[in-house]
Amino acid sequence: MRIALRELVRRPGRFLVVGGALTVLVLLLLFLGGLLDGLYLNSTGAVRALDADGVVYSDDARQSFLRSEITADERADIEAVDGVEAVGGLGFALLGVQIPGVDEIADGAVVGYELATGSLPEPPAPGGAHADRQLADEGAEIGHEVLVGPAEVPLRIVGFVDDTNYLQQGGLWVEPGTWRQVLAENRPDAILAEGSFQSAVVRIAPDADAEAVRAAIDAATGSTETLSQAEAIEAIPGITEQNATFTAVIGVTVFVAALVIALFFALLTLERLGLYAVLKAVGGRSSTLVAGVIAQSVLVALGAFVLGGLLTLGLLEIVPDGIPLQLEPSRAVSTLVSLTVAAVAGALVSLRRIVRIDPASAIGAGA
Amino acid sequence: MLLATREILRSKVRFGLLAGAVGLLVFLILFQQALFGGLVTSFIGAVDNQDSPVLVYNAQARRNVEASFLLPDQVSAIAEVDGVAASVPIGESTYTVEAGGELVDGVLFGYPLDDPSGLGAPTTLVEGRLPERPGEAVASAADAEDGFDIGDVVRIAADGGPEIEVVGLGEDLRWSVAPTLFVDYSTFEEAQRAVNPQARVVLPSLVAVRPAEGIDPGALTARIDGAVGGVESLTNDDAVSSSPGVQAVNQSFQVILALAFGVVTLVVAFFFLILTVQKAKPLTLLRAVGAPTGYLVRNLVVQVVAVMALGIAIGLGLVFAVRPFSTGGAIELDLEPATVIPTLVALTVLSLLGGAGAIRRVVRIDPLRATVDTSSELA
């Protein structure tokens, strides 16, 4: 073991090969992970911010907010269900946002809501909006009057909220009347009846069985589909496909990393067969030798992780704005874990060869 | 040349491992490219394969079809612009539809069948015919098995929602990864009224324009934008490539691919560098007994090419092995020779560049060293 570590310190050049390749792979892994997180968080923020125990859609809306309509009658039915503590209307309108002094039109999601949550204050006064921090990054400030949609409906920004975007569009949270006006003026072809919302957010009493209450809501209205908040997140267009695709690509990349490590240490072991035989002849055990290889591989992987991480941070500075890259600490941890596992697995490939070394070959006996 | 191939045959495991690693990387690259191709086609195939040389959006829609609608006076003003030979309204929206006995997402693209220009029609018909009357549709062939085959009837799930019979199938006609139906504009209007009974009007999402003889589509877009307020015109190519999502996905994939190419180059470079350093002694001896540098370099190049060839074969094999599982899924792997071949050529060139480090070492070998004991410096 000590020999292995000393070799690392004295001849770092030898490990440049595998270290360099792993560094690029770490960069690739963190980039892919950051992209997945950025896409996921920016698409689902609005739904995650709801603190909902249930999200109600029309049963023919296929869990799409934009195609759903919960009428005032349905809402009354929902409120009458046992275990329902509070019901709030919810509606979206995806529109362009003109920020004063900014040429480019920003992407916005105007959300009409009624219930305050942990991350959302009470709905502002008519004409006001709580804007997502993303819009601040694009130049919006408190007190600004932004113009929404082709009809240029003015909304005054009264404050900023975090992590409330919907489908990569900056959230603008408004009271129901304002949302209805934005929708009516900008989408004359998609108007909802007075008192209707696209969806309803349900809070369920803490002592009630949430699953049963959701079922009871659908039974009571006969025309709705109620999802848990987690299910509503999954139902956002593209989220499931996105997760599956990126997870597959990340998996293949980790596999390639393990293979690169295996290849390199198999080569290194081949080179050292004679040396290992001598070590075994003077009493070194196979387990010690294997542990040395594993230690080297893990340390090289750790070094590559640090270097790759730094490169990713650098890359973060230069990627175009269009790429929704977001680096989360949890992603760094999971990348580190999978890389370490790959390092150990890759090093173990040389196990058989090391165990089979015959100490006698050190003095020329046998192969 | 024999030396190179013999060495490979004698150390199959070593070269096999490298070829395996390269194979996996080639697979990773081709898989991502195919995925990207499939993703993009599934997202914007309907506009890509629609007869619409120029598309006019609402300027506020940020090139997003779903967010775009045009007012009647904008539609008529576009038709008046000098250089416009023909223009038709295009309606697009996503609905819950009943197909094959199930409720699924479905997209309608409505275009006027009675317009002689043919604008808005799908261009990739592979089976059946184009719609000839309201209530008929061409569907995306990828969804034929899911209740969108010729003869199937798809219903817009809403009170009074129209029933649409599929009469033709077209290649790559999906929109936003959903089954897509090209119908008469009146069918689109009927569907819109059914799902939005409160709506005062039904507005077209876009206007498709055919430029007059000799008018460049690119120049026409500027002319339309100048003449009509609140619109943004794009050529079909621009509409496809700058479609929201596609651009972000495009940039992301390019960075990922660049990194993957870098990994291949590095892996190959380091492998041959190690190999050359290991062989320094015998190579020096070969030089001392008269083997020309060119011969040794050629050996190296042959090995790089051989490893790449095997790696590419493995990578291609893997892609083809995985491909059948993707059909019918949300996204189909799209393997185009036009992207695959340049990729493979680029990989081979990059790996040869990667081998340059090893070649440099071979070139710098001093035959004289064969006469001294070099074991101490080669360890």
# chains A, B, ... in the order shown; residues from 1 in each chain; ligands from 1

$ select_by_dssp --residues "region 26-78 of chain B" --states "strand (DSSP E)" --output "short mmCIF file (atom, residue, chain, number, x, y, z; two decimals) with C-alpha atoms, in the first residue's frame"
data_model
loop_
_atom_site.label_atom_id
_atom_site.label_comp_id
_atom_site.auth_asym_id
_atom_site.auth_seq_id
_atom_site.Cartn_x
_atom_site.Cartn_y
_atom_site.Cartn_z
CA VAL B 54 -41.59 31.23 -45.14
CA LEU B 55 -43.50 31.20 -41.85
CA VAL B 56 -44.86 34.31 -40.18
CA TYR B 57 -45.18 34.32 -36.37
CA ASN B 58 -46.50 36.82 -33.91
#

$ interface_residues --of "chain A" --to "chain B" --cutoff "6 Å" --atoms "only C-alpha atoms" --output "JSON list (two decimals) with C-alpha atoms, in the first residue's frame"
[["chain", "number", "residue", "atom", "x", "y", "z"],
["A", 17, "VAL", "CA", -2.83, 9.25, -18.92],
["A", 21, "ALA", "CA", -9.02, 10.92, -19.57],
["A", 96, "GLY", "CA", -43.37, 36.94, -23.80],
["A", 150, "PRO", "CA", -48.86, 40.64, -27.68],
["A", 189, "ASP", "CA", -59.04, 31.99, -28.46],
["A", 190, "ALA", "CA", -58.53, 30.43, -25.01],
["A", 191, "ILE", "CA", -60.82, 32.18, -22.58],
["A", 322, "GLY", "CA", -29.29, 29.34, -23.82],
["A", 323, "ILE", "CA", -27.93, 26.32, -21.93]]

$ closest_residue --among "B:Ala370, B:Leu316, B:Val81, B:Leu234" --to "Gly290 (chain B)" --atoms "only C-alpha atoms"
B:Ala370

$ residues_around --residues "region 218-231 of chain A" --least-positions-apart "3" --cutoff "10 Å" --atoms "only C-alpha atoms" --output "PDB file with C-alpha atoms, in the first residue's frame"
ATOM      1  CA  VAL A  47     -45.328  23.049  -9.300  1.00  0.00           C
ATOM      2  CA  ARG A  48     -42.797  22.396  -6.535  1.00  0.00           C
ATOM      3  CA  ALA A  49     -43.593  25.818  -5.071  1.00  0.00           C
ATOM      4  CA  LEU A  50     -47.288  24.986  -4.640  1.00  0.00           C
ATOM      5  CA  ASP A  51     -47.007  23.006  -1.364  1.00  0.00           C
ATOM      6  CA  ALA A  52     -49.949  21.026  -2.674  1.00  0.00           C
ATOM      7  CA  ASP A  53     -51.318  17.786  -1.285  1.00  0.00           C
ATOM      8  CA  GLY A  54     -53.339  17.419  -4.439  1.00  0.00           C
ATOM      9  CA  VAL A  55     -53.440  19.037  -7.893  1.00  0.00           C
ATOM     10  CA  VAL A  56     -56.771  18.710  -9.676  1.00  0.00           C
ATOM     11  CA  TYR A  57     -57.115  18.591 -13.490  1.00  0.00           C
ATOM     12  CA  SER A  58     -60.094  17.951 -15.775  1.00  0.00           C
ATOM     13  CA  ASP A  59     -60.130  14.242 -16.511  1.00  0.00           C
ATOM     14  CA  ASP A  60     -59.847  14.879 -20.262  1.00  0.00           C
ATOM     15  CA  ALA A  61     -56.878  17.266 -19.914  1.00  0.00           C
ATOM     16  CA  ARG A  62     -54.294  14.477 -19.811  1.00  0.00           C
ATOM     17  CA  GLN A  63     -52.700  16.208 -16.823  1.00  0.00           C
ATOM     18  CA  SER A  68     -57.563  21.705 -18.107  1.00  0.00           C
ATOM     19  CA  GLU A  69     -60.526  23.643 -16.741  1.00  0.00           C
ATOM     20  CA  ILE A  70     -61.924  23.420 -13.208  1.00  0.00           C
ATOM     21  CA  ASP A  73     -69.167  24.113  -9.564  1.00  0.00           C
ATOM     22  CA  GLU A  74     -66.389  21.546  -9.583  1.00  0.00           C
ATOM     23  CA  ARG A  75     -64.474  23.647  -7.127  1.00  0.00           C
ATOM     24  CA  ALA A  76     -67.452  23.729  -4.762  1.00  0.00           C
ATOM     25  CA  ASP A  77     -67.627  19.929  -4.993  1.00  0.00           C
ATOM     26  CA  ILE A  78     -63.923  19.690  -4.152  1.00  0.00           C
ATOM     27  CA  GLU A  79     -64.283  22.000  -1.154  1.00  0.00           C
ATOM     28  CA  ALA A  80     -67.123  19.855   0.210  1.00  0.00           C
ATOM     29  CA  VAL A  81     -64.991  16.696   0.287  1.00  0.00           C
ATOM     30  CA  SER A 199     -56.455  23.633 -12.116  1.00  0.00           C
ATOM     31  CA  ALA A 200     -57.048  23.578  -8.356  1.00  0.00           C
ATOM     32  CA  VAL A 201     -54.486  23.193  -5.602  1.00  0.00           C
ATOM     33  CA  VAL A 202     -55.762  21.197  -2.653  1.00  0.00           C
ATOM     34  CA  ALA A 210     -54.213  12.052   1.420  1.00  0.00           C
ATOM     35  CA  GLU A 211     -54.528   9.217  -1.090  1.00  0.00           C
ATOM     36  CA  VAL A 213     -59.037  12.242  -0.096  1.00  0.00           C
ATOM     37  CA  ARG A 214     -57.671  12.583  -3.652  1.00  0.00           C
ATOM     38  CA  ALA A 215     -59.782   9.614  -4.732  1.00  0.00           C
ATOM     39  CA  GLU A 234     -43.834  13.975 -13.396  1.00  0.00           C
ATOM     40  CA  ALA A 235     -46.785  15.008 -15.562  1.00  0.00           C
ATOM     41  CA  ILE A 236     -45.062  18.182 -16.786  1.00  0.00           C
TER      42      ILE A 236
END

$ atom_distance --atom1 "CA of Thr124 (chain B)" --atom2 "CA of Asn49 (chain B)"
6.4 Å

$ residues_around --residues "Leu220 (chain B)" --least-positions-apart "2" --cutoff "10 Å" --atoms "only C-alpha atoms" --output "ChimeraX atom specification"
/B:54,81-84,209-212,215-218,222-226,233-235

$ residues_around --residues "Gly303 (chain A)" --least-positions-apart "6" --cutoff "12 Å" --atoms "only C-alpha atoms" --output "NGL selection string"
:A and (8 or 12 or 15-16 or 18-24 or 26 or 296-297 or 309-310 or 336 or 339-340 or 343)

$ residues_around --residues "Ile363 (chain A)" --least-positions-apart "4" --cutoff "10 Å" --atoms "only C-alpha atoms" --output "list in words"
Gly274, Ala277, Val278, Ala281 and Pro359 of chain A

$ residues_around --residues "Glu152 (chain A)" --least-positions-apart "3" --cutoff "12 Å" --atoms "only C-alpha atoms" --output "tab-separated table (two decimals) with N, CA and C atoms, in the first residue's frame"
chain	number	residue	atom	x	y	z
A	95	LEU	N	-46.22	33.47	-21.93
A	95	LEU	CA	-46.20	34.64	-22.81
A	95	LEU	C	-44.84	35.33	-22.76
A	96	GLY	N	-44.59	36.14	-23.80
A	96	GLY	CA	-43.37	36.94	-23.80
A	96	GLY	C	-43.48	38.10	-22.81
A	97	VAL	N	-42.34	38.48	-22.24
A	97	VAL	CA	-42.34	39.57	-21.26
A	97	VAL	C	-41.38	40.65	-21.74
A	98	GLN	N	-41.88	41.89	-21.87
A	98	GLN	CA	-41.00	43.01	-22.22
A	98	GLN	C	-40.58	43.72	-20.94
A	99	ILE	N	-39.26	43.68	-20.69
A	99	ILE	CA	-38.72	44.33	-19.50
A	99	ILE	C	-38.22	45.71	-19.90
A	105	ILE	N	-37.07	40.05	-25.76
A	105	ILE	CA	-38.28	39.66	-25.02
A	105	ILE	C	-37.95	38.44	-24.17
A	145	GLU	N	-42.47	48.10	-14.55
A	145	GLU	CA	-43.72	47.69	-15.16
A	145	GLU	C	-43.37	46.89	-16.42
A	146	VAL	N	-43.57	45.57	-16.36
A	146	VAL	CA	-43.27	44.74	-17.53
A	146	VAL	C	-44.54	44.58	-18.35
A	147	LEU	N	-44.37	44.41	-19.67
A	147	LEU	CA	-45.52	44.26	-20.56
A	147	LEU	C	-45.59	42.80	-21.00
A	148	VAL	N	-46.77	42.20	-20.83
A	148	VAL	CA	-46.90	40.77	-21.04
A	148	VAL	C	-47.71	40.46	-22.29
A	149	GLY	N	-47.13	39.65	-23.17
A	149	GLY	CA	-47.86	39.14	-24.33
A	149	GLY	C	-48.03	40.17	-25.42
A	155	LEU	N	-47.73	44.63	-15.95
A	155	LEU	CA	-47.70	44.04	-14.61
A	155	LEU	C	-46.58	44.74	-13.84
A	181	GLN	N	-57.33	38.44	-16.87
A	181	GLN	CA	-57.24	39.56	-17.82
A	181	GLN	C	-56.10	39.33	-18.81
A	182	VAL	N	-54.95	38.88	-18.30
A	182	VAL	CA	-53.80	38.59	-19.17
A	182	VAL	C	-54.19	37.57	-20.22
A	183	LEU	N	-54.88	36.52	-19.78
A	183	LEU	CA	-55.27	35.45	-20.69
A	183	LEU	C	-56.28	35.95	-21.72
A	184	ALA	N	-57.29	36.71	-21.25
A	184	ALA	CA	-58.36	37.15	-22.15
A	184	ALA	C	-57.82	38.08	-23.23
A	185	GLU	N	-56.89	38.97	-22.84
A	185	GLU	CA	-56.41	39.94	-23.83
A	185	GLU	C	-55.38	39.34	-24.77
A	186	ASN	N	-54.62	38.36	-24.28
A	186	ASN	CA	-53.56	37.80	-25.11
A	186	ASN	C	-53.97	36.55	-25.87
A	187	ARG	N	-54.88	35.81	-25.33
A	187	ARG	CA	-55.32	34.60	-26.02
A	187	ARG	C	-56.83	34.64	-26.17
B	59	ALA	N	-44.74	38.44	-33.40
B	59	ALA	CA	-43.40	38.83	-32.93
B	59	ALA	C	-43.22	38.53	-31.45
B	60	GLN	N	-44.34	38.52	-30.69
B	60	GLN	CA	-44.26	38.28	-29.25
B	60	GLN	C	-44.13	36.80	-28.91
B	230	GLY	N	-45.86	43.89	-35.76
B	230	GLY	CA	-46.07	42.86	-34.74
B	230	GLY	C	-45.88	41.43	-35.21

$ select_by_dssp --residues "region 273-364 of chain A" --states "alpha helix (DSSP H)" --output "ChimeraX atom specification"
/A:273-281,286-318,329-348,351-355
